[in-house]
Amino acid sequence: MKLTLTVNGTEYARTIEPRLLLIHFLRDELGLTGSHWGCDTSNCGACVVWLDETPVKSCTVLAVMTDGRRVTTVEGLARGGVLDPVQDGFAACHGLQCGFCTPGMMMTARWLLDRTPDPTEAQVREAISGQICRCTGYENIVRSVLWAARRERDDEDA
Amino acid sequence: MQVPAQVEYEKATSVQHALAMLARYGPAAKVLAGGHSLIPMMKLRLAQPEVLIDINGLTDLCYITRSGDQLRIGTLTRHAQLLDSGLAGEHFAIMHDAERVIADPIVRNWGTVGGSLCQADPSEDLSAAFAAMKGTMVIHGPGGSREVSAREFHTGPYETVVGPSELLTEIRLPIRPGGGSAYLKVARRTGDWPVGAAGAAVWLADAGGGTHKIADAGIGLTAVGATHFVAAEAEEFLRGRPADEQTLARAGEIAAEHCRPVTDQRGPADYKRHLVQELTVRVLRAAISRARGLAT
Amino acid sequence: MPDGAGHDGAPAAYGSLPRKEDARFLRGQGTFVDDISLPGMLHGAVLRSPLAHARIVSVDATAASAHPKVKAVLTGADLAERGLAWMPTISGDVQAVLATDKVRFQGQEIAFVVATDRYAARDALELIAVDYEPLPPLIDARTALDPGAPLVRDDLPGVAGNRIFDWAAGDKAAADAAFAAADVVASCDMVYPRSHPAPLETCGIVADMDPVTGKLTLWSTSQAPHAHRTMYAMVTGVPEHKIRIISPDLGGGFGAKVPLYPGYLCSIVASMLTGQPVKWMEDRSENLMSTTFARDYHMHGEIAATADGTILGLRARVLADHGAFNATAQPTKFPAGFFHIFTGSYDMRAAYCEVTGVYTNKAPGGVAYSCSFRVTEAVYLVERLTDVLARDLGMDPAELRMRNLLRPEQFPYTCATGWEYDSGDYPRALRLALDMAGYDGLRHEQAERRARGEYMGIGLSFFTEGVGAGPRGLMDILGLAMADGAELRVHPTGKAVLGISVQTQGQGHETTFAQIVAHELGLSPDDVEVVHGDTDRTPFGLGTYGSRSTPVSGAAAVVAARKVRERARLVAAVMLEVAPDDLEWLDGKWRVRGDPDQARGIAEIALAAHSSIDLPDGVEGHLDASAVYNPPNLTFPFGAYICVTDVDPGTGEVKVRRFIAVDDCGVRINPMIVEGQVHRGLADGIGIALMQAIVFDEDGNCLGGSFMDYLLPTSLECPSPELGQTVTPSPHHPIGAKGIGESATVGSPAAVVNSVVDALAPFGVVHVDMPMTPAAVWRAIQGRPIRPDLALS
């Protein structure tokens with residue numbers, strides 16, 4: 001099957017099997033290995049990417065379903081080499097340890113902050129509640145997102 | 001990660017196109033909406049359709065609108081949209097209660113209301129919620145459309161009345177005065193399937209002296225083997241009765257008597273039966289509170 | 001930012017430095033094993049047994065081999081021809097690589113398919129026809145020693161039953177005497193259910209056998225790459241100097257990536273056969289069903305005390321379910337690991353324990369998941385028993401603990417089973433935790449709520465860890481000593497490269513070890529590069545687990561750095577034209593005593609050492625040094641935890657409201673990283689106590705084979721933890737650090753269980769086994785508890 005889609009601003013045209021999962025397409029076909037997979041049952045969220053403006057679990061989406069659409073992965077989070085405030089937040093607040101869940105967490109965090117620029121801690125925890133981290137116990141991930149929110153508000157005010 | 005078997009893929013451009021392909025391919029074809037019920041089963045190879053008919057392009061099946069005294073929900077509506085819908089929440093708080101505890105925010109972005117209902121998992125939260133709300137399912141097929149009560153829609157585990165050449169297109173919910181609804185779920189963890197869950201919709205009538213009686217009630221139960229996800233005997237009991245604690249307690253007992261929970265990893269049958277009793281009482285209490293306009 | 005003075009006088013390079021490793025992970029540029037793609041790389045998949053116990057009648061791979069994308073299929077018979085159908089385990093047993101005679105657990109490896117892409121490999125599995133003759137499975141460990149129980153290991157010569165070992169520690173006579181003299185004896189039967197570390201990245205390998213050079217390169221999810229290299233050499237016959245293992249970035253380990261797994265060996269053989277690289281990444285169900293599980297201890301504990309609450313002794317009898325092969329990873333002399341540290345944090349003169357290990361038809365393993373070699377089980381036992389004793393005595397559990405905690409003046413303290421605890425001020429840590437929790441206020445609140453029919457619980461856990469294995473004479477794994485090394489090179493421009501033998505899986509070694517060396521040498525941590533995980537570039541060591549990185553490899557890094565510094569002293573003396581003894585190390589430089597401005601820093605000294613100056617004796621033209629550290633003892637981190645829960649008796653639901661954790665891990669190199677480790681362990685405790693268990697049905701079907709049923713805590717189950725610290729340095733560690741990685745996983749489950757049992761006291765509940773699911777809690781209230789490890793229909 002022919003597939004045409006835009007990933008991180010670049011258009012790609014490929015011929016693939018309909019059964020190919022989006023996560024495998026991104027990783028194996030396009031070499032974008034920043035998104036990961038960690039389960040068989042759509043529970044862990046290591047695979048979260050954006051489909052158009054919406055985070056989805058890319059292990060549960062067929063690549064062919066993205067025909068004509070836009071996908072954004074962690075590789076597309078920084079702009080022109082400048083890290084997104086979410087990425088800065090994770091660095092500042094030790095929001096990652098092994099780094100495996102981190103891309104998915106950051107994609108969800110970016111989406112949350114786009115819609116809710118001043119989230120409460122509860123809203124942050126709710127937003128990432130479908131994604132598993134085995135290293136951080138979530139506390140520093142939450143702090144990282146709140147840090148990023150504050151940074152963006154400060155930049156706005158400045 | 002586990003991966004699906006080979007499959008063919010077609011993209012529907014309209015409802016009619018989808019129906020034509022369903023008719024052409026027969027039972028070898030499966031409708032692909034959000035895919036968050038179907039694709040996991042395909043990865044585990046528990047489902048091996050030969051053809052997928054992708055209906056994600058049918059954006060005119062994605063709506064939540066009010067028409068007169070009906071709330072109409074297109075089946076391609078994503079769970080997240082239903083949760084975000086002020087219109088839905090205003091008339092049926094039960095839908096927000098239920099959506100809030102279905103899966104997780106990311107899955108809700110893509111999974112659809114219709115997909116979950118048609119998957120017909122015996123533990124599906126929305127099945128119980130729509131049963132409680134006494135919804136009507138609109139099904140399109142080669143001969144046109146037909147309507148089936150949400151309370152007769154499911155015929156068994158993973159089985160509905162939707163035929164192989166048919167498509168569920170809309171759910172209609174009656175908006176009636178004096179109503180309140182709620183949903184309560186017990187799970188082993190956030191986002192897990194329910195061990196037991198109950199949804200209630202009640203419509204009250206003034207009984208004088210500041211008290212109310214229950215004019216009508218819908219009670220939906222999931223994960224506990226309730227026929228059609230409905231606690232019919234408990235509903236029958238409630239009709240016309242005073243909306244007081246004694247009534248609720250008895251309704252809980254009746255609901256518990258008439259379900260058939262099975263022992264599994266989520267819990268033993270006696271515990272599930274107890275949950276039915278406990279949750280039925282609590283959810284009725286919450287629904288009545290809301291019907292009376294009290295804060296919950 | 002690095003502290004000037006630091007905490008408790010800690011050095012300047014210590015402090016909550018942001019991590020050096022973050023740069024690549026934030027950009028999605030980590031290199032995990034599945035990210036690796038080599039030209040011509042093939043993909044492997046494992047066919048696994050659906051049955052827990054069965055004879056293999058035949059395996060027919062003809063159809064699979066005929067698949068157009070399949071390059072090879074391996075069966076047990078194929079491996080047997082090469083003498084590779086069985087491999088040694090870390091415990092001195094053998095484990096089937098691909099089954100030949102029988103399958104002995106559901107999920108056991110039967111065949112290995114190699115294809116040109118991973119989807120085709122998965123398809124081809126369905127084309128392998130296996131004929132099984134089912135046998136009755138042994139699933140309930142409690143029946144393993146019954147006459148007539150199914151025999152799991154009929155492959156072992158001379159083995160007539162399912163007993164693996166009997167092991168005992170302590171003094172039985174003294175313990176019996178203590179119990180005879182006691183006013184009160186409290187007891188409890190408790191299960192520490194089978195769980196699984198479940199790192200987010202599963203296990204896998206890329207095996208590349210170069211047919212021309214004979215060099216075998218492996219990219220592998222390995223917490224112990226050097227040990228794996230040695231084992232592969234022994235098993236495959238490939239000479240060890242021709243094997244290179246690169247453990248790149250690991251997505252978590254927690255003990256899951258310590259053992260060798262059949263899939264690894266199959267990939268190596270497949271690469272040899274095909275002449276191409278072979279990648280195998282297990283899926284999550286394989287990970288949960290076949291890689292090392294954790295715990296599965298059935299324990300009976302008794303605690304003896306006087307009427308006024310002085311603990312006299314402890315006894316325990318344990319049944320240990322090891323699964324179908326004995327593959328526990330612990331020092332060889334300790335088949336039950338360090339379980340005999342079960343006297344915990346209390347002063348008592350007598351203790352005795354017996355542990356019996358048995359085979360069952362389940363996956364092999366047992367030592368994993370941040371257990372510090374069974375310290376998790378030991379701490380759980382003693383901390384539950386302490387609460388049971390408190391209840392029987394009618395005493396507050398905090399008061400009972402305070403009465404019996406070891407006093408600072410008692411250290412170093414040799415406990416009744418022979419461990420010498422290095423240092424600690426236990427009462428201070430407990431007092432701090434109680435203050436942070438507002439303990440008295442919580443008890444008042446509890447009483448008020450009970451009067452309203454609301455049930456909250458306050459649960460304590462005071463734990464002593466034993467980590468940093470271990471002294472060479474006492475601890476080895478299959479004859480390999482558990483010492484670890486460090487190699488430090490200082491380049492002419494004063495930048496340093498530290499090679500260490502431990503392997504990080506997220507703990508931040510690239511940062512903390514740089515901080516260690518930076519402090520010793522007066523460098524910036526940015527000027528120290530830490531190399532790990534590549535056996536060609538790092539010194540030999542037994543790897544990362546049991547919280548041993550800081551205590552052992554960290555110590556090696558310090559020793560190596562101090563050797564460099566001493567070598568530098570000699571060169572500095574020449575540069576400054578003074579005697580070496582005229583120099584003192586002050587503020588990051590060698591300085592002339594009494595004239596501190598006459599100084600040389602490491603960078604200048606390194607350049608001089610590489611120059612043509614007259615080098616002093618003892619310096620050969622560089623400052624480089626290496627060290628292998630043989631720890632004189634374990635280190636003993638400790639902590640006081642308090643967990644507050646709210647329980648709904650109508651549904652059995654438990655909500656963890658607060659988690660207070662005071663930890664003492666000695667000197668903290670990077671407090672931010674230390675706290676991150678504690679955060680994780682507290683989440684582990686919540687998950688293990690409330691929802692995580694690998695359960696089997698009577699037929700041996702593993703019911704915890706996916707994240708739909710092996711439930712892990714999310715952000716909504718874990719409250720924001722409240723952390724405190726005390727610092728009692730380890731007297732024998734070169735920088736006084738003790739290690740922290742597993743402490744919170746060790747200490748937290750008991751706090752959660754004690755909390756829930758405390759909440760349910762008005763209902764007469766004295767114990768609830770983990771996992772305390774809503775069903776389990778409700779059933780406990782009804783007086784009809786559920787057995788957690790076995791799903792009986």
# chains A, B, ... in the order shown; residues from 1 in each chain; ligands from 1

call {"tool": "interface_residues", "arguments": {"of": "chain A", "to": "chain C", "cutoff": "9 Å", "atoms": "only C-alpha atoms", "output": "count of residues only"}}
result
60

call {"tool": "closest_atom_pairs", "arguments": {"of": "chain B", "to": "chain C", "cutoff": "10 Å", "atoms": "only C-alpha atoms", "output": "CSV"}}
result
residue,atom,partner,partner_atom,distance
B:Met1,CA,C:Asp283,CA,4.3
B:Gln2,CA,C:Asp283,CA,6.3
B:Val3,CA,C:Tyr119,CA,6.6
B:Pro4,CA,C:Tyr119,CA,8.0
B:Ala5,CA,C:Asp123,CA,6.9
B:Gln6,CA,C:Asp123,CA,8.7
B:Lys185,CA,C:Thr651,CA,9.9
B:Val186,CA,C:Thr651,CA,7.3
B:Ala187,CA,C:Pro774,CA,7.8
B:Arg188,CA,C:Thr773,CA,6.0
B:Arg189,CA,C:Leu711,CA,7.3
B:Thr190,CA,C:Leu716,CA,7.1
B:Gly191,CA,C:Thr714,CA,9.4
B:Asp192,CA,C:Met708,CA,7.3
B:Trp193,CA,C:Met708,CA,8.6
B:Val195,CA,C:Ala775,CA,8.6
B:Gly196,CA,C:Thr651,CA,9.9
B:Val262,CA,C:Ser793,CA,9.4
B:Thr263,CA,C:Ser793,CA,6.7
B:Asp264,CA,C:Ser793,CA,7.6
B:Gln265,CA,C:Ala791,CA,7.0
B:Arg266,CA,C:Ala775,CA,7.6
B:Gly267,CA,C:Ala775,CA,5.4
B:Pro268,CA,C:Ala775,CA,7.2
B:Ala269,CA,C:Ala775,CA,9.7
B:Asp270,CA,C:Arg779,CA,9.1
B:Tyr271,CA,C:Ala775,CA,6.2
B:Lys272,CA,C:Ala775,CA,8.2
B:His274,CA,C:Thr651,CA,8.4
B:Leu275,CA,C:Thr651,CA,6.5
B:Val276,CA,C:Thr651,CA,10.0
B:Gln277,CA,C:Gly650,CA,9.9
B:Glu278,CA,C:Gly650,CA,6.7
B:Leu279,CA,C:Thr651,CA,8.3

call {"tool": "write_last_selection", "arguments": {"atoms": "C-alpha atoms", "output": "PDB file, in the first residue's frame"}}
result
ATOM      1  CA  MET B   1       5.753  -6.122  20.700  1.00  0.00           C
ATOM      2  CA  GLN B   2       3.298  -8.471  19.109  1.00  0.00           C
ATOM      3  CA  VAL B   3       2.158  -7.685  15.588  1.00  0.00           C
ATOM      4  CA  PRO B   4      -0.930  -8.399  13.473  1.00  0.00           C
ATOM      5  CA  ALA B   5      -1.243 -11.021  10.759  1.00  0.00           C
ATOM      6  CA  GLN B   6      -1.454  -9.955   7.133  1.00  0.00           C
ATOM      7  CA  LYS B 185     -16.645   2.012  38.915  1.00  0.00           C
ATOM      8  CA  VAL B 186     -14.334  -0.118  41.002  1.00  0.00           C
ATOM      9  CA  ALA B 187     -11.135  -1.218  39.274  1.00  0.00           C
ATOM     10  CA  ARG B 188      -7.876  -2.651  40.453  1.00  0.00           C
ATOM     11  CA  ARG B 189      -6.085   0.435  39.134  1.00  0.00           C
ATOM     12  CA  THR B 190      -6.683   3.646  37.202  1.00  0.00           C
ATOM     13  CA  GLY B 191      -7.807   2.869  33.685  1.00  0.00           C
ATOM     14  CA  ASP B 192      -8.258  -0.832  34.238  1.00  0.00           C
ATOM     15  CA  TRP B 193     -11.389  -2.655  33.196  1.00  0.00           C
ATOM     16  CA  VAL B 195     -14.207  -5.321  38.581  1.00  0.00           C
ATOM     17  CA  GLY B 196     -17.749  -4.084  38.802  1.00  0.00           C
ATOM     18  CA  VAL B 262     -17.882 -14.874  37.394  1.00  0.00           C
ATOM     19  CA  THR B 263     -14.716 -15.366  39.433  1.00  0.00           C
ATOM     20  CA  ASP B 264     -11.664 -14.190  37.503  1.00  0.00           C
ATOM     21  CA  GLN B 265      -8.414 -12.367  38.071  1.00  0.00           C
ATOM     22  CA  ARG B 266     -10.201  -9.157  38.929  1.00  0.00           C
ATOM     23  CA  GLY B 267     -12.048 -10.729  41.797  1.00  0.00           C
ATOM     24  CA  PRO B 268     -14.160 -13.583  43.137  1.00  0.00           C
ATOM     25  CA  ALA B 269     -17.847 -13.810  42.316  1.00  0.00           C
ATOM     26  CA  ASP B 270     -19.054 -13.109  45.847  1.00  0.00           C
ATOM     27  CA  TYR B 271     -17.093  -9.885  45.961  1.00  0.00           C
ATOM     28  CA  LYS B 272     -18.483  -8.785  42.600  1.00  0.00           C
ATOM     29  CA  HIS B 274     -21.363  -7.447  46.813  1.00  0.00           C
ATOM     30  CA  LEU B 275     -20.053  -4.648  44.596  1.00  0.00           C
ATOM     31  CA  VAL B 276     -23.253  -4.661  42.618  1.00  0.00           C
ATOM     32  CA  GLN B 277     -25.203  -4.117  45.792  1.00  0.00           C
ATOM     33  CA  GLU B 278     -22.862  -1.474  47.146  1.00  0.00           C
ATOM     34  CA  LEU B 279     -22.392   0.445  43.905  1.00  0.00           C
TER      35      LEU B 279
END

call {"tool": "residues_around", "arguments": {"residues": "Glu236 (chain B)", "least_positions_apart": "2", "cutoff": "12 Å", "atoms": "only C-alpha atoms", "output": "list in words"}}
result
Ile214, Ala215, Asp216, Ala217, Gly218, Ile219, Val230, Ala231, Ala232, Glu233, Ala234, Leu238, Arg239, Gly240, Arg241, Thr247, Arg250, Ala251, Ile254 and Ala255 of chain B

call {"tool": "residues_around", "arguments": {"residues": "Arg562 (chain C)", "least_positions_apart": "6", "cutoff": "12 Å", "atoms": "only C-alpha atoms", "output": "CSV table (one decimal) with N, CA and C atoms, in the first residue's frame"}}
result
chain,number,residue,atom,x,y,z
C,486,ALA,N,37.9,0.0,38.3
C,486,ALA,CA,37.8,1.4,37.6
C,486,ALA,C,39.2,1.6,37.0
C,487,GLU,N,39.1,2.2,35.8
C,487,GLU,CA,40.4,2.6,35.1
C,487,GLU,C,40.3,4.1,34.8
C,488,LEU,N,41.2,4.8,35.3
C,488,LEU,CA,41.2,6.3,35.1
C,488,LEU,C,42.4,6.8,34.3
C,516,ILE,N,32.4,12.0,41.4
C,516,ILE,CA,33.4,11.4,42.4
C,516,ILE,C,34.8,11.8,42.0
C,517,VAL,N,35.1,11.5,40.7
C,517,VAL,CA,36.5,11.7,40.2
C,517,VAL,C,36.8,13.2,40.3
C,518,ALA,N,35.8,14.0,39.9
C,518,ALA,CA,36.0,15.5,39.8
C,518,ALA,C,36.4,16.0,41.2
C,519,HIS,N,35.8,15.5,42.2
C,519,HIS,CA,36.1,15.9,43.6
C,519,HIS,C,37.5,15.5,43.9
C,520,GLU,N,37.8,14.2,43.7
C,520,GLU,CA,39.1,13.7,44.1
C,520,GLU,C,40.3,14.5,43.4
C,521,LEU,N,40.0,14.9,42.2
C,521,LEU,CA,41.1,15.5,41.4
C,521,LEU,C,41.0,17.0,41.2
C,522,GLY,N,40.0,17.7,41.8
C,522,GLY,CA,39.9,19.1,41.6
C,522,GLY,C,39.5,19.5,40.2
C,555,ALA,N,33.7,3.1,44.9
C,555,ALA,CA,34.9,3.0,45.7
C,555,ALA,C,36.1,2.8,44.9
C,556,ALA,N,36.0,1.9,43.8
C,556,ALA,CA,37.1,1.7,42.9
C,556,ALA,C,37.5,2.9,42.2
C,568,ALA,N,50.3,12.3,40.9
C,568,ALA,CA,50.4,13.8,40.5
C,568,ALA,C,51.2,14.5,41.6
C,569,ARG,N,51.1,14.1,42.8
C,569,ARG,CA,51.9,14.7,43.9
C,569,ARG,C,53.4,14.6,43.5
C,585,TRP,N,47.2,18.5,49.7
C,585,TRP,CA,46.1,18.6,48.8
C,585,TRP,C,45.1,19.5,49.4
C,602,ILE,N,45.7,19.4,38.6
C,602,ILE,CA,45.9,18.1,37.9
C,602,ILE,C,46.1,18.4,36.4
C,623,LEU,N,49.7,9.9,34.3
C,623,LEU,CA,49.1,9.8,35.6
C,623,LEU,C,48.1,8.7,35.8
C,624,ASP,N,47.9,8.0,34.7
C,624,ASP,CA,46.8,7.0,34.7
C,624,ASP,C,46.9,5.9,35.8
C,625,ALA,N,45.8,5.5,36.3
C,625,ALA,CA,45.8,4.4,37.3
C,625,ALA,C,44.5,3.6,37.3
C,626,SER,N,44.6,2.4,37.8
C,626,SER,CA,43.4,1.6,37.9
C,626,SER,C,43.3,1.0,39.3
C,627,ALA,N,42.1,0.5,39.6
C,627,ALA,CA,42.0,-0.2,40.9
C,627,ALA,C,40.9,-1.2,40.8
C,734,PRO,N,35.5,4.5,51.0
C,734,PRO,CA,36.4,5.6,50.9
C,734,PRO,C,35.8,7.0,51.0
C,735,ILE,N,34.6,7.1,50.5
C,735,ILE,CA,33.9,8.5,50.7
C,735,ILE,C,32.7,8.4,51.5

call {"tool": "select_by_dssp", "arguments": {"residues": "region 61-291 of chain B", "states": "strand (DSSP E or B)", "output": "count of residues only"}}
result
76

call {"tool": "atom_distance", "arguments": {"atom1": "CA of Phe339 (chain C)", "atom2": "CA of Val753 (chain C)"}}
result
19.6 Å

call {"tool": "decode", "arguments": {"residues": "region 460-529 of chain C", "atoms": "C-alpha atoms", "output": "compact mmCIF listing (two decimals), in the first residue's frame"}}
result
# COMPACT_ATOMS: atom_id res chain seq x y z
CA LEU C 460 5.51 2.19 59.52
CA SER C 461 8.50 0.42 58.15
CA PHE C 462 12.04 0.74 59.47
CA PHE C 463 14.51 -1.10 57.32
CA THR C 464 18.18 -1.94 57.25
CA GLU C 465 19.57 -2.73 53.84
CA GLY C 466 22.68 -4.74 53.10
CA VAL C 467 24.21 -3.78 49.77
CA GLY C 468 27.43 -3.45 47.85
CA ALA C 469 28.28 -7.13 47.50
CA GLY C 470 30.80 -8.00 48.42
CA PRO C 471 33.97 -9.13 50.08
CA ARG C 472 35.95 -11.39 47.81
CA GLY C 473 36.43 -14.18 50.30
CA LEU C 474 32.78 -14.39 51.14
CA MET C 475 30.96 -13.57 47.97
CA ASP C 476 31.36 -14.88 44.49
CA ILE C 477 28.99 -15.77 41.70
CA LEU C 478 29.94 -19.12 40.18
CA GLY C 479 33.48 -18.59 41.34
CA LEU C 480 33.82 -15.05 40.01
CA ALA C 481 34.62 -12.65 42.82
CA MET C 482 32.32 -9.73 43.23
CA ALA C 483 35.00 -7.11 43.19
CA ASP C 484 34.69 -4.31 40.62
CA GLY C 485 37.19 -2.14 38.87
CA ALA C 486 37.85 1.35 37.62
CA GLU C 487 40.37 2.61 35.11
CA LEU C 488 41.19 6.28 35.10
CA ARG C 489 43.12 8.01 32.36
CA VAL C 490 44.09 11.65 32.44
CA HIS C 491 44.87 13.13 29.05
CA PRO C 492 47.67 15.63 28.54
CA THR C 493 45.20 18.53 28.50
CA GLY C 494 43.84 17.48 31.86
CA LYS C 495 40.60 15.84 30.80
CA ALA C 496 39.83 12.51 32.36
CA VAL C 497 38.18 9.32 31.18
CA LEU C 498 36.90 6.87 33.76
CA GLY C 499 36.11 3.32 32.69
CA ILE C 500 33.90 1.48 35.16
CA SER C 501 32.64 -2.06 35.17
CA VAL C 502 29.14 -1.37 36.39
CA GLN C 503 26.43 -0.63 33.87
CA THR C 504 23.83 2.06 34.34
CA GLN C 505 20.18 1.51 33.47
CA GLY C 506 19.11 5.01 34.40
CA GLN C 507 20.82 5.60 37.73
CA GLY C 508 22.96 8.43 36.41
CA HIS C 509 26.42 6.90 36.60
CA GLU C 510 27.73 9.17 33.86
CA THR C 511 27.10 12.05 36.22
CA THR C 512 27.71 10.70 39.71
CA PHE C 513 30.94 8.92 38.86
CA ALA C 514 32.18 12.04 37.11
CA GLN C 515 31.40 13.92 40.31
CA ILE C 516 33.35 11.42 42.37
CA VAL C 517 36.47 11.74 40.23
CA ALA C 518 36.04 15.47 39.83
CA HIS C 519 36.12 15.94 43.56
CA GLU C 520 39.14 13.74 44.10
CA LEU C 521 41.11 15.52 41.37
CA GLY C 522 39.90 19.10 41.62
CA LEU C 523 38.39 18.93 38.14
CA SER C 524 35.02 20.01 36.86
CA PRO C 525 32.62 17.08 36.39
CA ASP C 526 32.34 18.27 32.79
CA ASP C 527 35.99 17.34 32.37
CA VAL C 528 35.43 13.73 33.37
CA GLU C 529 33.93 11.33 30.84
